[in-house]
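So this one's data.txt, compact mmCIF, C-alpha atoms:
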# COMPACT_ATOMS: atom_id res chain seq x y z
CA MET A 56 0.00 0.00 0.00
CA GLU A 57 1.27 3.47 -0.86
CA THR A 58 2.30 5.51 2.18
CA PRO A 59 -0.10 8.47 2.60
CA ASN A 60 1.30 11.96 2.15
CA PHE A 61 0.02 14.43 4.74
CA ASP A 62 1.59 17.62 3.39
CA ASP A 63 -1.88 19.08 2.77
CA ILE A 64 -2.86 19.01 6.45
CA ARG A 65 0.36 18.83 8.48
CA PRO A 66 1.95 21.75 10.35
CA TYR A 67 5.35 23.18 9.48
CA VAL A 68 8.47 21.20 10.28
CA ASP A 69 11.63 22.79 11.65
CA ALA A 70 13.15 23.37 8.21
CA GLU A 71 10.16 25.57 7.29
CA ILE A 72 10.18 27.69 10.45
CA PRO A 73 12.81 30.35 9.54
CA ALA A 74 10.99 31.27 6.30
CA ALA A 75 7.61 31.30 8.05
CA LEU A 76 8.89 33.55 10.83
CA ALA A 77 10.52 35.87 8.30
CA ARG A 78 7.09 36.28 6.67
CA ILE A 79 5.44 36.77 10.05
CA ALA A 80 8.00 39.43 11.01
CA GLN A 81 7.07 41.43 7.91
CA SER A 82 3.38 41.66 8.87
CA GLU A 83 2.25 45.13 9.89
CA LEU A 84 0.34 43.59 12.81
CA ILE A 85 3.35 41.93 14.45
CA PRO A 86 4.92 45.06 16.03
CA GLN A 87 1.65 45.61 17.90
CA VAL A 88 1.61 41.96 19.03
CA LEU A 89 5.23 42.13 20.19
CA ARG A 90 4.57 45.35 22.13
CA PHE A 91 1.80 43.52 23.96
CA ILE A 92 3.93 40.44 24.76
CA TYR A 93 7.08 42.38 25.67
CA PRO A 94 6.02 45.88 26.78
CA GLN A 95 9.45 46.68 28.23
CA THR A 96 11.40 45.65 25.12
CA LYS A 97 12.03 47.59 21.93
CA VAL A 98 10.02 46.15 19.05
CA GLU A 99 13.08 45.92 16.82
CA ASP A 100 14.87 43.82 19.46
CA SER A 101 11.86 41.47 19.69
CA LEU A 102 11.71 41.22 15.89
CA GLN A 103 15.40 40.37 15.80
CA ARG A 104 14.86 37.59 18.35
CA LEU A 105 11.91 36.27 16.35
CA ARG A 106 13.98 36.11 13.16
CA GLN A 107 16.62 34.05 14.98
CA VAL A 108 14.24 31.26 15.99
CA ASN A 109 14.93 28.08 14.01
CA THR A 110 12.68 25.35 15.42
CA VAL A 111 9.07 24.77 16.42
CA ARG A 112 10.13 23.92 19.96
CA GLU A 113 12.15 27.11 20.30
CA LEU A 114 9.21 29.18 19.05
CA GLN A 115 6.79 27.52 21.45
CA THR A 116 8.99 27.68 24.54
CA THR A 117 9.74 31.37 24.01
CA PHE A 118 7.29 33.54 22.07
CA MET A 119 4.21 31.32 22.34
CA ARG A 120 4.66 30.63 26.05
CA ASP A 121 5.39 34.29 26.75
CA ALA A 122 2.29 35.32 24.77
CA ILE A 123 0.02 32.97 26.74
CA GLU A 124 1.48 34.15 30.04
CA ARG A 125 0.93 37.78 29.02
CA ILE A 126 -2.68 37.02 28.03
CA LEU A 127 -3.27 35.38 31.41
CA GLU A 128 -1.60 38.26 33.23
CA THR A 129 -3.73 40.92 31.52
CA THR A 130 -7.12 39.19 31.03
CA SER A 131 -7.54 36.66 33.84
CA THR A 132 -7.57 36.65 37.63
CA GLY A 133 -5.90 33.26 37.85
CA PHE A 134 -5.21 30.06 35.92
CA THR A 135 -5.10 26.61 37.51
CA ALA A 136 -4.73 23.09 36.15
CA SER A 137 -5.41 19.64 37.58
CA GLY A 138 -5.30 15.97 36.64
CA PHE A 139 -1.72 15.78 35.41
CA GLU A 140 -1.10 12.91 37.80
CA HIS A 141 -3.04 10.79 35.28
CA ILE A 142 -0.52 11.56 32.52
CA LYS A 143 2.69 9.59 32.02
CA ARG A 144 5.61 11.70 30.90
CA GLY A 145 6.65 10.79 27.35
CA HIS A 146 3.46 8.80 26.70
CA PRO A 147 1.31 9.88 23.71
CA TYR A 148 -2.38 10.70 24.25
CA LEU A 149 -5.33 12.08 22.34
CA TYR A 150 -6.81 14.87 24.46
CA VAL A 151 -10.53 15.20 23.65
CA SER A 152 -11.66 18.54 25.02
CA ASN A 153 -14.69 20.71 25.42
CA HIS A 154 -14.39 23.82 23.27
CA ARG A 155 -15.15 27.32 24.51
CA ASP A 156 -12.51 29.58 22.94
CA ILE A 157 -11.28 29.20 19.35
CA THR A 158 -7.56 29.29 20.18
CA LEU A 159 -6.99 29.51 23.93
CA ASP A 160 -8.47 26.13 24.91
CA ALA A 161 -5.66 24.28 23.20
CA PHE A 162 -2.91 26.84 23.73
CA LEU A 163 -3.45 26.96 27.49
CA LEU A 164 -2.84 23.21 27.48
CA GLN A 165 0.38 23.79 25.54
CA LYS A 166 1.58 26.27 28.16
CA VAL A 167 0.99 23.72 30.92
CA PHE A 168 2.78 21.07 28.85
CA ILE A 169 5.82 23.33 28.48
CA ASP A 170 5.85 24.07 32.20
CA ARG A 171 5.28 20.49 33.40
CA LEU A 172 6.07 17.98 30.66
CA SER A 173 8.52 19.91 28.43
CA ASP A 174 6.87 18.89 25.12
CA THR A 175 3.68 20.17 23.49
CA SER A 176 0.94 18.41 21.55
CA TYR A 177 -0.34 18.76 18.02
CA ILE A 178 -3.66 20.61 17.71
CA VAL A 179 -6.51 19.80 15.30
CA PHE A 180 -8.36 22.89 14.06
CA GLY A 181 -10.80 23.77 11.31
CA ASN A 182 -9.15 25.05 8.15
CA ASN A 183 -11.80 27.77 7.96
CA LEU A 184 -9.60 29.73 10.39
CA ILE A 185 -6.84 30.09 7.80
CA ASP A 186 -8.25 33.18 6.15
CA THR A 187 -5.01 35.15 5.81
CA PRO A 188 -1.37 34.25 5.09
CA LEU A 189 -0.44 35.54 8.56
CA MET A 190 -2.93 33.24 10.31
CA LYS A 191 -1.67 30.31 8.25
CA ASP A 192 1.94 30.94 9.23
CA LEU A 193 1.11 31.51 12.90
CA PHE A 194 -1.01 28.38 13.17
CA LEU A 195 1.15 26.00 11.15
CA SER A 196 4.26 27.13 13.04
CA ASN A 197 2.59 25.92 16.24
CA LYS A 198 1.83 22.27 15.41
CA LEU A 199 -1.72 22.85 14.18
CA ILE A 200 -3.25 20.19 11.92
CA GLN A 201 -5.87 21.28 9.39
CA MET A 202 -9.30 19.67 9.44
CA GLU A 203 -11.67 20.12 6.50
CA ARG A 204 -14.96 21.82 7.36
CA GLY A 205 -17.63 20.70 4.90
CA GLY A 206 -17.61 19.83 1.21
CA ASN A 207 -19.46 17.17 -0.79
CA PRO A 208 -20.11 13.99 1.25
CA MET A 209 -17.66 11.69 -0.55
CA ALA A 210 -14.79 14.20 -0.53
CA PHE A 211 -15.51 15.09 3.09
CA TYR A 212 -15.42 11.41 4.11
CA ARG A 213 -12.06 10.98 2.37
CA SER A 214 -10.69 14.06 4.13
CA LEU A 215 -11.80 12.69 7.50
CA GLN A 216 -10.19 9.33 6.79
CA HIS A 217 -7.02 11.15 5.73
CA LEU A 218 -7.00 13.16 8.96
CA SER A 219 -7.62 10.03 11.03
CA GLN A 220 -4.72 8.24 9.37
CA TYR A 221 -2.47 11.16 10.24
CA LEU A 222 -3.62 11.22 13.87
CA HIS A 223 -2.94 7.50 14.20
CA LYS A 224 0.51 7.98 12.67
CA ILE A 225 1.37 10.82 15.07
CA ILE A 226 0.25 8.90 18.16
CA THR A 227 1.17 5.28 17.39
CA GLU A 228 4.30 5.80 15.26
CA GLU A 229 5.72 9.17 16.24
CA HIS A 230 4.57 8.84 19.87
CA GLN A 231 3.37 12.44 20.01
CA SER A 232 0.15 13.71 21.60
CA VAL A 233 -2.75 15.52 19.92
CA TRP A 234 -5.51 17.88 21.12
CA ILE A 235 -8.92 17.79 19.43
CA ALA A 236 -12.26 19.39 20.29
CA GLN A 237 -15.17 17.09 21.12
CA LYS A 238 -17.17 18.57 18.23
CA ASN A 239 -16.77 20.95 15.32
CA GLY A 240 -17.06 24.52 16.53
CA ARG A 241 -17.30 25.98 20.00
CA SER A 242 -19.93 25.09 22.58
CA LYS A 243 -21.89 28.31 22.30
CA ASP A 244 -24.83 27.21 24.43
CA GLY A 245 -22.69 26.03 27.36
CA ILE A 246 -23.55 22.36 26.84
CA ASP A 247 -20.41 20.29 26.37
CA SER A 248 -21.46 17.43 24.11
CA THR A 249 -19.31 15.11 22.01
CA ALA A 250 -20.19 14.60 18.37
CA PRO A 251 -20.35 10.85 17.57
CA ALA A 252 -19.03 11.82 14.14
CA ILE A 253 -15.73 12.88 15.76
CA VAL A 254 -15.47 9.49 17.49
CA LYS A 255 -16.31 7.73 14.22
CA MET A 256 -13.64 9.76 12.42
CA LEU A 257 -11.04 8.55 14.93
CA THR A 258 -11.70 4.93 13.92
CA LEU A 259 -11.22 5.51 10.18
CA GLY A 260 -7.43 5.75 10.22
CA SER A 261 -6.70 2.21 11.31
CA ASP A 262 -7.24 -1.26 9.88
CA LYS A 263 -8.07 -2.54 13.35
CA ALA A 264 -11.55 -3.04 14.74
CA PRO A 265 -13.09 0.30 15.81
CA ALA A 266 -12.70 -0.27 19.57
CA GLU A 267 -9.05 -1.29 19.11
CA ALA A 268 -8.42 1.72 16.89
CA LEU A 269 -9.75 4.00 19.63
CA ALA A 270 -7.73 2.19 22.30
CA ASP A 271 -4.54 2.85 20.32
CA LEU A 272 -5.13 6.61 20.70
CA HIS A 273 -5.11 6.59 24.54
CA ILE A 274 -8.01 9.04 24.81
CA VAL A 275 -7.92 11.51 27.71
CA PRO A 276 -10.99 13.69 28.42
CA MET A 277 -10.27 17.37 29.12
CA ALA A 278 -12.43 20.25 30.33
CA ILE A 279 -11.60 23.94 30.38
CA SER A 280 -13.70 26.42 32.35
CA TYR A 281 -13.75 30.21 32.07
CA GLU A 282 -15.46 32.41 34.64
CA TRP A 283 -16.25 34.92 31.89
CA ASP A 284 -16.56 34.15 28.19
CA PRO A 285 -15.21 37.16 26.26
CA CYS A 286 -17.48 36.25 23.33
CA ASP A 287 -20.61 35.68 25.43
CA THR A 288 -22.76 38.49 24.03
CA MET A 289 -21.67 37.62 20.48
CA LYS A 290 -22.63 33.98 21.08
CA ALA A 291 -25.96 34.98 22.63
CA ASN A 292 -26.82 37.08 19.60
CA GLU A 293 -25.83 34.28 17.22
CA LEU A 294 -27.88 31.68 19.11
CA TYR A 295 -30.90 33.97 19.17
CA LEU A 296 -30.66 34.69 15.44
CA LYS A 297 -30.21 30.99 14.63
CA ALA A 298 -33.31 30.13 16.66
CA HIS A 299 -35.25 32.67 14.62
CA GLY A 300 -33.76 31.75 11.24
CA GLY A 301 -31.88 35.00 10.75
CA TYR A 302 -28.21 34.19 11.32
CA GLN A 303 -25.57 34.42 8.60
CA LYS A 304 -21.87 34.38 9.42
CA ALA A 305 -20.21 37.66 8.48
CA GLU A 306 -16.89 37.93 6.68
CA GLY A 307 -14.06 38.01 9.22
CA GLU A 308 -16.31 36.81 12.07
CA ASP A 309 -14.02 33.95 13.05
CA THR A 310 -11.00 36.25 13.20
CA ASN A 311 -12.98 38.71 15.32
CA SER A 312 -13.88 35.87 17.69
CA VAL A 313 -10.20 34.84 17.91
CA VAL A 314 -9.13 38.38 18.81
CA THR A 315 -12.03 38.95 21.24
CA GLY A 316 -11.30 35.65 22.96
CA ILE A 317 -7.66 36.62 23.42
CA ILE A 318 -8.04 40.19 24.67
CA GLY A 319 -11.36 39.90 26.57
CA GLU A 320 -11.79 39.48 30.32
CA LYS A 321 -11.88 35.84 31.47
CA GLY A 322 -11.73 35.91 35.26
CA GLN A 323 -10.73 32.56 36.73
CA ILE A 324 -9.71 29.77 34.34
CA HIS A 325 -9.34 26.10 35.16
CA LEU A 326 -8.08 23.25 32.98
CA ALA A 327 -8.76 19.68 34.09
CA LEU A 328 -7.51 16.39 32.66
CA GLY A 329 -9.22 13.10 33.43
CA LYS A 330 -7.97 9.54 33.49
CA PRO A 331 -7.48 7.91 30.06
CA LEU A 332 -10.54 6.01 28.84
CA THR A 333 -10.41 2.37 29.88
CA ALA A 334 -10.94 -0.74 27.77
CA ALA A 335 -14.31 -1.19 29.50
CA GLU A 336 -15.38 2.31 28.46
CA LEU A 337 -14.49 1.47 24.87
CA THR A 338 -16.52 -1.74 24.93
CA VAL A 339 -20.12 -1.84 23.84
CA ASP A 340 -22.66 -4.58 23.29
CA ASP A 341 -24.11 -5.22 19.84
CA SER A 342 -27.24 -3.25 20.60
CA ARG A 343 -25.52 0.12 20.77
CA ASP A 344 -23.37 2.00 18.29
CA LEU A 345 -19.75 2.35 19.46
CA ALA A 346 -19.43 6.00 18.42
CA GLU A 347 -22.63 6.93 20.28
CA HIS A 348 -21.45 5.02 23.34
CA VAL A 349 -17.97 6.57 23.47
CA ALA A 350 -19.43 10.04 22.86
CA SER A 351 -21.73 9.48 25.85
CA VAL A 352 -18.79 8.35 28.00
CA LEU A 353 -16.81 11.44 27.03
CA ASP A 354 -19.80 13.70 27.74
CA ASN A 355 -20.13 12.28 31.22
CA ARG A 356 -16.42 12.56 31.96
CA ILE A 357 -15.95 16.06 30.53
CA GLN A 358 -19.02 17.45 32.28
CA LYS A 359 -17.76 16.07 35.60
CA LEU A 360 -14.33 17.62 35.01
CA TYR A 361 -15.80 21.04 34.27
CA ARG A 362 -15.23 23.42 37.19
CA LEU A 363 -18.35 25.47 37.88
CA MET A 364 -17.63 29.18 38.31
CA PRO A 365 -19.49 31.93 40.24
CA THR A 366 -20.98 33.13 36.96
CA ASN A 367 -22.47 29.68 36.30
CA TYR A 368 -24.15 29.56 39.69
CA LEU A 369 -25.37 33.15 39.40
CA ALA A 370 -26.88 32.58 35.96
CA TYR A 371 -28.70 29.48 37.21
CA ASP A 372 -30.24 31.41 40.10
CA MET A 373 -31.17 34.36 37.88
CA LEU A 374 -32.72 32.06 35.30
CA THR A 375 -34.73 30.08 37.84
CA GLY A 376 -35.59 33.08 40.00
CA GLY A 377 -34.18 31.33 43.08
CA SER A 378 -31.20 31.63 45.42
CA ARG A 379 -30.10 27.99 45.63
CA TYR A 380 -26.44 28.80 44.92
CA ARG A 381 -26.28 32.24 46.56
CA GLN A 382 -23.19 31.28 48.59
CA HIS A 383 -21.18 30.72 45.39
CA TYR A 384 -21.22 34.29 44.04
CA SER A 385 -20.89 37.84 45.31
CA ALA A 386 -22.85 41.01 44.74
CA ASP A 387 -19.92 42.29 42.67
CA VAL A 388 -20.20 39.32 40.32
CA LYS A 389 -23.92 39.90 39.95
CA ASN A 390 -23.42 43.61 39.22
CA ALA A 391 -20.75 42.80 36.64
CA PHE A 392 -23.04 40.25 35.00
CA LEU A 393 -25.95 42.68 34.82
CA GLN A 394 -23.71 45.37 33.35
CA ARG A 395 -22.40 42.91 30.79
CA MET A 396 -25.95 42.14 29.61
CA ASN A 397 -27.43 45.62 29.78
CA HIS A 398 -27.15 46.34 26.05
CA LEU A 399 -28.99 43.11 25.13
CA ASP A 400 -32.76 42.88 24.82
CA SER A 401 -34.62 40.58 27.22
CA GLU A 402 -34.72 37.62 24.81
CA ARG A 403 -30.98 37.71 24.20
CA GLN A 404 -30.36 38.16 27.92
CA LYS A 405 -32.27 34.92 28.52
CA VAL A 406 -30.08 33.16 25.94
CA MET A 407 -26.94 34.45 27.65
CA LEU A 408 -28.17 33.33 31.07
CA GLU A 409 -28.86 29.87 29.65
CA MET A 410 -25.31 29.72 28.24
CA TYR A 411 -23.80 30.29 31.67
CA ALA A 412 -26.40 28.21 33.55
CA ASN A 413 -26.23 25.09 31.36
CA PRO A 414 -23.02 23.72 32.95
CA VAL A 415 -24.85 23.70 36.28
CA VAL A 416 -27.77 21.87 34.68
CA THR A 417 -25.54 19.24 33.04
CA SER A 418 -23.57 18.75 36.26
CA LYS A 419 -26.80 17.68 37.96
CA ALA A 420 -27.86 15.31 35.16

Please, can you express the file's structure as structure tokens?
Amino acid sequence: METPNFDDIRPYVDAEIPAALARIAQSELIPQVLRFIYPQTKVEDSLQRLRQVNTVRELQTTFMRDAIERILETTSTGFTASGFEHIKRGHPYLYVSNHRDITLDAFLLQKVFIDRLSDTSYIVFGNNLIDTPLMKDLFLSNKLIQMERGGNPMAFYRSLQHLSQYLHKIITEEHQSVWIAQKNGRSKDGIDSTAPAIVKMLTLGSDKAPAEALADLHIVPMAISYEWDPCDTMKANELYLKAHGGYQKAEGEDTNSVVTGIIGEKGQIHLALGKPLTAAELTVDDSRDLAEHVASVLDNRIQKLYRLMPTNYLAYDMLTGGSRYRQHYSADVKNAFLQRMNHLDSERQKVMLEMYANPVVTSKA
């Protein structure tokens, strides 16, 4: 059998990094980015350092790590992580995560990897985000794998099989880890649910039986929780318009969401890793579809890992008109929440409250 070529979806390798960073350094946006990351350093000095980077690892352990730390310093009130006792150093895993922010969900994991495990993971992302040469260079320089989003059914199936083959190669042959969201697109309604189609895709890249193919990937559930979602009012408006048949994605909307997610207030952030899925969790009787079963297992695990924040409890009480969780939030949080919603009409406010309250609802299920 001919060995598949993954050049169409793979990230840059070390030999391609100097040219990519030279292109990045020429972008008119980069001086502004570098001023943000290194406010005490002359931009020309930062540019010179950037041009001297020669490998993916060097880029990630310097500029990328520093950028994430600066984002946390300026937009959050604290970042914590748990569950790393379940992870064996040097062992490859497939991290299946809930998805709240387009870029930060995965990149916060990379920061923790650099701090605790020294190496980073590959990241699967939708190729719809590559809408400019700069975004392409930034993403592909940071181990991001492109996933097709749509197309005719036959071509789309082949692209998913191609991606799955690459993921199996990375994990079983190269012994590297990968991050992937539990479904296409962010969880805009606050309900973290796994798409069975994602699980099915993961079985397509191996000649083994589906359960064995999944076992080879060493799946680890992951949940990330933000006290405040910088894109919450945008998501509430989108959900409302979709419910009323009037939503159409605007040009540049994804890029706007990326930027808003990076610079917007987040409050407390927590990242939690669970134990790898067991053989028993990957076993199903003949009466139930394997993909549906594994998706359900992941839903249960991810929802239990999710750390409920004061804003979640507050939204639940506001939505239900009660005070069941009053001890979990302050008057300041409530005032901030009300101020955040004050430009929305009552129907969109209800949608936004549901977004924040749904993690409480699913935690009780």

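Taking CA of Ser196 (chain A) and CA of Tyr67 (chain A) as the two end points, the separation is 5.4 Å.
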
* Got a sec: who's within 9 Å of region 98-112 of chain A, counting all atoms listed in the file, leaving out chain neighbours fewer than 2 positions off, as a VMD selection string? -> chain A and resid 67 to 74 76 to 77 80 85 to 87 89 to 90 93 to 94 96 114 to 118 174 to 175 196 to 198

* Name all residues at most 10 Å from Gly133 (chain A) (count all atoms listed in the file; drop same-chain ones fewer than 3 positions away) and give them as a PyMOL selection string. => chain A and resi 127-128+130+321-325

* List as a PyMOL selection string: which residues have an atom within 12 Å of (-13.4, 8.8, 3.5), counting all atoms listed in the file? -> chain A and resi 203+207-220+255-260

* Between CA of Arg155 (chain A) and CA of Glu282 (chain A), what is the distance, to one decimal in Å? ->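 Distance between the two atoms: 11.3 Å.
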
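We find CA of Gly319 (chain A) and CA of Gln404 (chain A) to be spaced 19.1 Å apart.
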
* Using all atoms listed in the file, which residues sit within 12 Å of region 377-388 of chain A once same-chain residues fewer than 2 positions away are excluded, as an MDAnalysis selection string? -> chainID A and resid 282:283 322 363:375 390:395 412 415

* From A:Arg78, A:Lys419, A:Lys330, A:His299, residue lying nearest Leu189 (chain A) [all atoms listed in the file] ->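 Once distances to Leu189 (chain A) are computed over all atoms listed in the file, the minimum belongs to A:Arg78.
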
* Please write as a list in words the list of polymer residues whose atoms come within 9 Å of (-12.7, 35.2, 17.5), counting only C-alpha atoms and keeping to the coordinates of the file. =>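 Those within range, by chain then number, are Asp156, Ile157, Thr158, Cys286, Gly307, Glu308, Asp309, Thr310, Asn311, Ser312, Val313, Val314, Thr315, Gly316 and Ile317 of chain A.
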
* Go through A:His146, A:Pro251, A:Ser152, A:Met289 one by one, measure the shortest atom-to-atom distance of each to Tyr361 (chain A) using all atoms listed in the file, and give the residue with the smallest value. =>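 Ranking A:His146, A:Pro251, A:Ser152, A:Met289 by distance to Tyr361 (chain A), first place goes to A:Ser152.
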
Excluding Thr135 (chain A) and residues on its chain fewer than 2 positions from it, collect all residues at most 12 Å away from it, counting only C-alpha atoms, and give them as a PDB file with C-alpha atoms, in the frame of the given file.
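As a result, result-v2.pdb now contains:
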ATOM      1  CA  LEU A 127      -3.270  35.380  31.410  1.00  0.00           C
ATOM      2  CA  SER A 131      -7.540  36.660  33.840  1.00  0.00           C
ATOM      3  CA  THR A 132      -7.570  36.650  37.630  1.00  0.00           C
ATOM      4  CA  GLY A 133      -5.900  33.260  37.850  1.00  0.00           C
ATOM      5  CA  SER A 137      -5.410  19.640  37.580  1.00  0.00           C
ATOM      6  CA  GLY A 138      -5.300  15.970  36.640  1.00  0.00           C
ATOM      7  CA  PHE A 139      -1.720  15.780  35.410  1.00  0.00           C
ATOM      8  CA  LEU A 163      -3.450  26.960  27.490  1.00  0.00           C
ATOM      9  CA  LEU A 164      -2.840  23.210  27.480  1.00  0.00           C
ATOM     10  CA  LYS A 166       1.580  26.270  28.160  1.00  0.00           C
ATOM     11  CA  VAL A 167       0.990  23.720  30.920  1.00  0.00           C
ATOM     12  CA  ILE A 279     -11.600  23.940  30.380  1.00  0.00           C
ATOM     13  CA  SER A 280     -13.700  26.420  32.350  1.00  0.00           C
ATOM     14  CA  TYR A 281     -13.750  30.210  32.070  1.00  0.00           C
ATOM     15  CA  GLY A 322     -11.730  35.910  35.260  1.00  0.00           C
ATOM     16  CA  GLN A 323     -10.730  32.560  36.730  1.00  0.00           C
ATOM     17  CA  ILE A 324      -9.710  29.770  34.340  1.00  0.00           C
ATOM     18  CA  HIS A 325      -9.340  26.100  35.160  1.00  0.00           C
ATOM     19  CA  LEU A 326      -8.080  23.250  32.980  1.00  0.00           C
ATOM     20  CA  ALA A 327      -8.760  19.680  34.090  1.00  0.00           C
ATOM     21  CA  LEU A 328      -7.510  16.390  32.660  1.00  0.00           C
ATOM     22  CA  ARG A 362     -15.230  23.420  37.190  1.00  0.00           C
TER      23      ARG A 362
END
